[in-house]
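Shown below: target.cif, with mmCIF, C-alpha atoms and all ligand atoms.
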data_my_file
#
loop_
_atom_site.label_atom_id
_atom_site.label_comp_id
_atom_site.auth_asym_id
_atom_site.auth_seq_id
_atom_site.Cartn_x
_atom_site.Cartn_y
_atom_site.Cartn_z
CA MET A 59 -22.99 5.13 -7.34
CA GLU A 60 -22.65 8.27 -9.38
CA THR A 61 -20.07 9.39 -6.86
CA ARG A 62 -17.66 6.77 -8.17
CA THR A 63 -15.15 9.01 -9.80
CA LYS A 64 -11.54 8.92 -10.75
CA ASN A 65 -10.80 9.55 -7.10
CA THR A 66 -12.05 6.14 -6.09
CA TYR A 67 -8.63 4.59 -6.25
CA ARG A 68 -7.34 7.26 -3.92
CA THR A 69 -10.17 6.54 -1.55
CA SER A 70 -9.31 2.89 -1.69
CA LEU A 71 -5.72 3.60 -0.83
CA TYR A 72 -6.90 5.19 2.40
CA ALA A 73 -8.65 1.97 3.27
CA PHE A 74 -5.34 0.12 3.11
CA VAL A 75 -3.20 2.42 5.23
CA LYS A 76 -4.40 1.14 8.58
CA GLN A 77 -1.83 -1.61 8.40
CA VAL A 78 1.19 -1.09 6.20
CA LEU A 79 4.00 -3.60 5.93
CA VAL A 80 7.30 -1.72 5.93
CA VAL A 81 11.03 -2.29 6.11
CA CYS A 82 12.06 -2.03 9.77
CA PRO A 83 14.32 1.02 10.25
CA ASN A 84 16.26 -0.91 12.87
CA CYS A 85 16.85 -4.42 11.48
CA THR A 86 15.55 -4.11 7.87
CA GLY A 87 13.15 -6.98 8.61
CA LYS A 88 9.42 -6.85 8.04
CA ALA A 89 7.67 -4.40 10.35
CA LEU A 90 4.10 -3.15 10.58
CA VAL A 91 2.87 0.42 10.69
CA ARG A 92 -0.52 0.59 12.38
CA ALA A 93 -2.95 3.48 12.18
CA ASP A 94 -6.06 1.76 13.41
CA ASP A 95 -8.29 4.78 13.72
CA PHE A 96 -7.07 6.51 10.59
CA ASP A 97 -10.60 6.71 9.20
CA THR A 98 -11.72 8.94 12.02
CA PRO A 99 -11.68 12.66 11.18
CA LYS A 100 -8.89 13.45 13.60
CA TYR A 101 -6.65 10.46 14.02
CA GLU A 102 -4.48 10.30 17.09
CA ILE A 103 -0.81 10.70 16.34
CA SER A 104 -0.04 8.80 19.53
CA LEU A 105 -1.84 5.74 18.18
CA VAL A 106 0.09 5.53 14.93
CA LYS A 107 3.01 3.21 15.49
CA VAL A 108 5.62 1.06 13.83
CA VAL A 109 6.19 -2.35 15.36
CA CYS A 110 8.76 -5.00 14.40
CA THR A 111 8.32 -8.50 15.70
CA SER A 112 11.85 -9.50 14.69
CA CYS A 113 13.85 -6.99 16.71
CA GLY A 114 11.24 -5.48 19.01
CA TYR A 115 11.44 -2.01 17.49
CA ASN A 116 8.33 -0.15 18.63
CA LYS A 117 7.79 3.55 18.16
CA THR A 118 4.77 5.77 17.93
CA LEU A 119 4.61 8.62 15.52
CA GLU A 120 4.48 10.89 18.52
CA ASN A 121 7.85 9.59 19.83
CA ILE A 122 9.45 10.17 16.50
CA SER A 123 7.94 13.53 15.59
CA LYS A 124 9.16 15.08 18.80
CA ARG A 125 12.80 14.58 18.10
CA ILE A 126 12.81 15.11 14.38
CA ASP A 127 13.66 18.47 12.91
CA GLU A 128 11.16 20.52 10.99
CA LYS A 129 12.69 19.74 7.64
CA GLN A 130 11.77 16.08 7.62
CA LYS A 131 8.21 16.68 8.73
CA ARG A 132 7.55 13.04 9.44
CA GLY A 133 4.07 12.60 10.78
CA LYS A 134 3.22 16.11 9.74
CA VAL A 135 3.11 15.40 6.05
CA LEU A 136 1.24 12.33 4.95
CA ILE A 137 2.40 10.75 1.73
CA PHE A 138 -0.04 8.72 -0.33
CA GLY A 139 0.42 6.89 -3.57
CA ALA A 140 4.15 6.38 -3.10
CA PRO A 141 5.92 3.18 -2.03
CA VAL A 142 6.34 4.38 1.55
CA ASP A 143 3.98 4.29 4.51
CA PRO A 144 2.09 7.60 4.70
CA PHE A 145 3.14 8.41 8.27
CA PHE A 146 6.78 7.50 8.90
CA HIS A 147 7.70 7.41 5.21
CA LEU A 148 9.38 4.03 5.61
CA PRO A 149 9.75 1.98 2.42
CA VAL A 150 6.96 -0.55 1.94
CA TRP A 151 7.92 -4.19 2.35
CA LEU A 152 5.88 -5.33 -0.62
CA GLN A 153 7.70 -3.97 -3.63
CA THR A 154 9.42 -5.43 -6.60
CA ASP A 155 10.73 -4.40 -9.96
CA PHE A 156 8.53 -5.07 -12.94
CA SER A 157 10.34 -4.30 -16.18
CA GLY A 158 11.73 -1.10 -14.74
CA GLU A 159 8.48 -0.13 -13.03
CA LEU A 160 7.85 -0.50 -9.33
CA LEU A 161 5.06 -2.82 -8.32
CA TRP A 162 4.21 -2.17 -4.68
CA ALA A 163 1.43 -2.46 -2.13
CA TYR A 164 0.74 -1.47 1.45
CA ASN A 165 -0.35 -4.94 2.54
CA LEU A 166 -1.88 -8.22 1.39
CA GLU A 167 -5.35 -6.75 1.01
CA HIS A 168 -3.90 -4.10 -1.24
CA LEU A 169 -2.17 -6.80 -3.30
CA ASP A 170 -5.46 -8.67 -3.58
CA PHE A 171 -7.11 -5.47 -4.67
CA LEU A 172 -4.53 -4.97 -7.41
CA ALA A 173 -4.80 -8.60 -8.49
CA ALA A 174 -8.59 -8.35 -8.62
CA HIS A 175 -8.40 -5.30 -10.80
CA VAL A 176 -5.79 -6.63 -13.17
CA GLY A 177 -7.62 -9.96 -13.23
CA ALA A 178 -10.87 -8.21 -14.03
CA LYS A 179 -9.28 -6.57 -17.03
CA LEU A 180 -8.04 -9.96 -18.09
CA ARG A 181 -11.47 -11.54 -17.79
CA GLU A 182 -12.98 -8.63 -19.64
CA ARG A 183 -10.67 -9.27 -22.53
CA ASN A 184 -11.61 -12.92 -22.49
CA GLY A 185 -15.23 -12.05 -23.02
CA PHE A 186 -16.71 -12.01 -19.54
CA LYS A 187 -18.66 -9.01 -18.45
CA PHE A 188 -17.06 -7.73 -15.29
CA ASN A 189 -17.74 -4.47 -13.59
CA VAL A 190 -14.31 -2.94 -13.34
CA LYS A 191 -15.80 0.34 -12.20
CA SER A 192 -17.03 -1.34 -9.06
CA ILE A 193 -13.44 -1.80 -8.04
CA GLY A 194 -12.84 1.73 -9.13
CA ALA A 195 -9.13 1.50 -9.56
CA ARG A 196 -7.01 3.82 -11.50
CA LEU A 197 -3.82 1.89 -11.89
CA PRO A 198 -0.73 2.71 -13.88
CA ARG A 199 -1.12 1.82 -17.55
CA TRP A 200 1.76 -0.63 -17.51
CA MET A 201 -0.05 -2.63 -14.87
CA THR A 202 -3.22 -3.10 -16.89
CA ALA A 203 -1.68 -3.18 -20.35
CA ALA A 204 -2.90 -6.30 -22.10
CA ASP A 205 0.58 -7.64 -22.69
CA ASN A 206 1.55 -7.30 -19.05
CA ARG A 207 -1.47 -8.46 -17.12
CA GLU A 208 -0.65 -12.12 -16.74
CA GLU A 209 2.91 -11.36 -15.77
CA VAL A 210 1.72 -8.68 -13.33
CA LEU A 211 -0.59 -11.23 -11.71
CA ARG A 212 2.29 -13.69 -11.40
CA THR A 213 4.46 -10.99 -9.83
CA ILE A 214 1.70 -10.13 -7.34
CA GLU A 215 1.40 -13.80 -6.41
CA LYS A 216 5.16 -13.98 -5.87
CA LEU A 217 5.02 -10.96 -3.56
CA LYS A 218 2.18 -12.52 -1.62
CA ALA A 219 4.05 -15.78 -1.25
CA GLY A 220 7.09 -13.94 0.03
CA VAL A 221 5.23 -12.23 2.86
CA ASN A 222 5.08 -15.23 5.09
CA GLY A 223 8.49 -16.52 4.08
ZN ZN A 301 13.22 -4.78 13.27
#
Please go through the file and, once you have read it, give me the structure as structure tokens.
Ligand SMILES: [Zn+2]
Amino acid sequence: METRTKNTYRTSLYAFVKQVLVVCPNCTGKALVRADDFDTPKYEISLVKVVCTSCGYNKTLENISKRIDEKQKRGKVLIFGAPVDPFFHLPVWLQTDFSGELLWAYNLEHLDFLAAHVGAKLRERNGFKFNVKSIGARLPRWMTAADNREEVLRTIEKLKAGVNG
């Protein structure tokens, strides 16, 4: 409990990276990056893969790393907290402009997480006691700013609705 620090949001991000919806590098449709055992201490590069059900694109990180030059370092450098999947660095599927800011998420669970946090702030303002710390998010200010919250929630809902469309 006392270990809930400002790093909790980071920790949470790790929980969402096992399945990241991305833009397919082949057909620009919706593809999925899977890193099922990412929470193990030494995850297998051969098990991290990007799969597209629209065009059949299917590559493991191992396939790709082998023929990519040192400079790009895909699979060698993991990127977190940016609107790309951590492994292949493909743009996330769930992203949209919000008044000049980028609202994005790795997957639906991540969107729900964001909505829960923003919603919690909203409820807090409306007089309900809600333990925001239990969600432990550290979100950008624009996302939780009082004036934006309801619109942010609407935008999240729109993104969610678009996933299955
Ligand atoms: Zn594709």
7 Å contact set for A:Val78, all atoms listed in the file, chain neighbours under 2 positions out, as a PDB file with C-alpha atoms, keeping the file's coordinate frame:
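Below is the file result-v8.pdb, written as the result:
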ATOM      1  CA  VAL A  75      -3.200   2.420   5.230  1.00  0.00           C
ATOM      2  CA  LYS A  76      -4.400   1.140   8.580  1.00  0.00           C
ATOM      3  CA  VAL A  80       7.300  -1.720   5.930  1.00  0.00           C
ATOM      4  CA  LEU A  90       4.100  -3.150  10.580  1.00  0.00           C
ATOM      5  CA  VAL A  91       2.870   0.420  10.690  1.00  0.00           C
ATOM      6  CA  ARG A  92      -0.520   0.590  12.380  1.00  0.00           C
ATOM      7  CA  ASP A 143       3.980   4.290   4.510  1.00  0.00           C
ATOM      8  CA  TYR A 164       0.740  -1.470   1.450  1.00  0.00           C
ATOM      9  CA  ASN A 165      -0.350  -4.940   2.540  1.00  0.00           C
TER      10      ASN A 165
END
Subject >> Distance in Å - atom CA of A:Leu119 versus atom CA of A:Ala93 >> reply: 9.7 Å
**OP:** Enter the distance from atom CA of A:Phe138 to atom CA of A:Ser112, in Å, rounded to one decimal.
**Re:**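 Distance between the two atoms: 26.4 Å.
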Original post:
Mind listing the residues within 12 Å of ligand ZN 301 (chain A), all atoms listed in the file counted, as a PyMOL selection string?
Top reply: chain A and resi 79-91+108-117
Subject >> Separation of atom CA of A:Phe146 from atom CA of A:Asn121, in Å and rounded to one decimal >> reply: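 According to the coordinates, atom CA of A:Phe146 and atom CA of A:Asn121 are separated by 11.2 Å.
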N, CA and C atoms for stretch 82-113 of chain A, written as an mmCIF file, in the frame of the given file, could you do that?
data_model
loop_
_atom_site.group_PDB
_atom_site.id
_atom_site.type_symbol
_atom_site.label_atom_id
_atom_site.label_comp_id
_atom_site.auth_asym_id
_atom_site.auth_seq_id
_atom_site.Cartn_x
_atom_site.Cartn_y
_atom_site.Cartn_z
ATOM 1 N N CYS A 82 11.733 -2.514 8.429
ATOM 2 C CA CYS A 82 12.060 -2.030 9.770
ATOM 3 C C CYS A 82 13.292 -1.114 9.708
ATOM 4 N N PRO A 83 13.185 0.086 10.286
ATOM 5 C CA PRO A 83 14.320 1.020 10.250
ATOM 6 C C PRO A 83 15.477 0.553 11.125
ATOM 7 N N ASN A 84 15.229 -0.429 11.959
ATOM 8 C CA ASN A 84 16.260 -0.910 12.870
ATOM 9 C C ASN A 84 16.973 -2.151 12.349
ATOM 10 N N CYS A 85 16.225 -3.142 11.870
ATOM 11 C CA CYS A 85 16.850 -4.420 11.480
ATOM 12 C C CYS A 85 16.615 -4.765 10.016
ATOM 13 N N THR A 86 15.919 -3.913 9.281
ATOM 14 C CA THR A 86 15.550 -4.110 7.870
ATOM 15 C C THR A 86 14.689 -5.362 7.658
ATOM 16 N N GLY A 87 14.123 -5.891 8.749
ATOM 17 C CA GLY A 87 13.150 -6.980 8.610
ATOM 18 C C GLY A 87 11.785 -6.407 8.289
ATOM 19 N N LYS A 88 10.784 -7.268 8.363
ATOM 20 C CA LYS A 88 9.420 -6.850 8.040
ATOM 21 C C LYS A 88 8.739 -6.282 9.279
ATOM 22 N N ALA A 89 8.353 -5.034 9.224
ATOM 23 C CA ALA A 89 7.670 -4.400 10.350
ATOM 24 C C ALA A 89 6.288 -3.945 9.896
ATOM 25 N N LEU A 90 5.473 -3.535 10.883
ATOM 26 C CA LEU A 90 4.100 -3.150 10.580
ATOM 27 C C LEU A 90 3.827 -1.750 11.127
ATOM 28 N N VAL A 91 3.326 -0.896 10.246
ATOM 29 C CA VAL A 91 2.870 0.420 10.690
ATOM 30 C C VAL A 91 1.361 0.338 10.876
ATOM 31 N N ARG A 92 0.910 0.677 12.076
ATOM 32 C CA ARG A 92 -0.520 0.590 12.380
ATOM 33 C C ARG A 92 -1.104 1.972 12.614
ATOM 34 N N ALA A 93 -2.218 2.230 11.968
ATOM 35 C CA ALA A 93 -2.950 3.480 12.180
ATOM 36 C C ALA A 93 -4.418 3.109 12.260
ATOM 37 N N ASP A 94 -4.761 2.424 13.335
ATOM 38 C CA ASP A 94 -6.060 1.760 13.410
ATOM 39 C C ASP A 94 -7.253 2.684 13.279
ATOM 40 N N ASP A 95 -7.121 3.885 13.777
ATOM 41 C CA ASP A 95 -8.290 4.780 13.720
ATOM 42 C C ASP A 95 -8.112 5.851 12.648
ATOM 43 N N PHE A 96 -7.371 5.514 11.618
ATOM 44 C CA PHE A 96 -7.070 6.510 10.590
ATOM 45 C C PHE A 96 -8.321 7.046 9.907
ATOM 46 N N ASP A 97 -9.388 6.252 9.900
ATOM 47 C CA ASP A 97 -10.600 6.710 9.200
ATOM 48 C C ASP A 97 -11.431 7.677 10.027
ATOM 49 N N THR A 98 -11.013 7.921 11.248
ATOM 50 C CA THR A 98 -11.720 8.940 12.020
ATOM 51 C C THR A 98 -11.209 10.307 11.582
ATOM 52 N N PRO A 99 -12.048 11.335 11.713
ATOM 53 C CA PRO A 99 -11.680 12.660 11.180
ATOM 54 C C PRO A 99 -10.362 13.186 11.745
ATOM 55 N N LYS A 100 -10.147 12.975 13.022
ATOM 56 C CA LYS A 100 -8.890 13.450 13.600
ATOM 57 C C LYS A 100 -8.178 12.267 14.232
ATOM 58 N N TYR A 101 -7.298 11.633 13.464
ATOM 59 C CA TYR A 101 -6.650 10.460 14.020
ATOM 60 C C TYR A 101 -5.593 10.873 15.025
ATOM 61 N N GLU A 102 -5.401 10.022 16.000
ATOM 62 C CA GLU A 102 -4.480 10.300 17.090
ATOM 63 C C GLU A 102 -3.059 9.954 16.689
ATOM 64 N N ILE A 103 -2.191 10.938 16.708
ATOM 65 C CA ILE A 103 -0.810 10.700 16.340
ATOM 66 C C ILE A 103 -0.159 9.715 17.302
ATOM 67 N N SER A 104 -0.641 9.694 18.539
ATOM 68 C CA SER A 104 -0.040 8.800 19.530
ATOM 69 C C SER A 104 -0.403 7.341 19.280
ATOM 70 N N LEU A 105 -1.413 7.114 18.437
ATOM 71 C CA LEU A 105 -1.840 5.740 18.180
ATOM 72 C C LEU A 105 -1.233 5.168 16.911
ATOM 73 N N VAL A 106 -0.571 6.021 16.129
ATOM 74 C CA VAL A 106 0.090 5.530 14.930
ATOM 75 C C VAL A 106 1.463 5.021 15.343
ATOM 76 N N LYS A 107 1.730 3.747 15.036
ATOM 77 C CA LYS A 107 3.010 3.210 15.490
ATOM 78 C C LYS A 107 3.611 2.237 14.492
ATOM 79 N N VAL A 108 4.925 2.065 14.621
ATOM 80 C CA VAL A 108 5.620 1.060 13.830
ATOM 81 C C VAL A 108 6.139 0.007 14.802
ATOM 82 N N VAL A 109 5.842 -1.252 14.473
ATOM 83 C CA VAL A 109 6.190 -2.350 15.360
ATOM 84 C C VAL A 109 6.894 -3.439 14.558
ATOM 85 N N CYS A 110 8.025 -3.915 15.070
ATOM 86 C CA CYS A 110 8.760 -5.000 14.400
ATOM 87 C C CYS A 110 8.819 -6.199 15.328
ATOM 88 N N THR A 111 8.322 -7.315 14.851
ATOM 89 C CA THR A 111 8.320 -8.500 15.700
ATOM 90 C C THR A 111 9.689 -9.185 15.709
ATOM 91 N N SER A 112 10.531 -8.868 14.735
ATOM 92 C CA SER A 112 11.850 -9.500 14.690
ATOM 93 C C SER A 112 12.792 -8.930 15.740
ATOM 94 N N CYS A 113 12.855 -7.604 15.823
ATOM 95 C CA CYS A 113 13.850 -6.990 16.710
ATOM 96 C C CYS A 113 13.210 -6.235 17.871
#
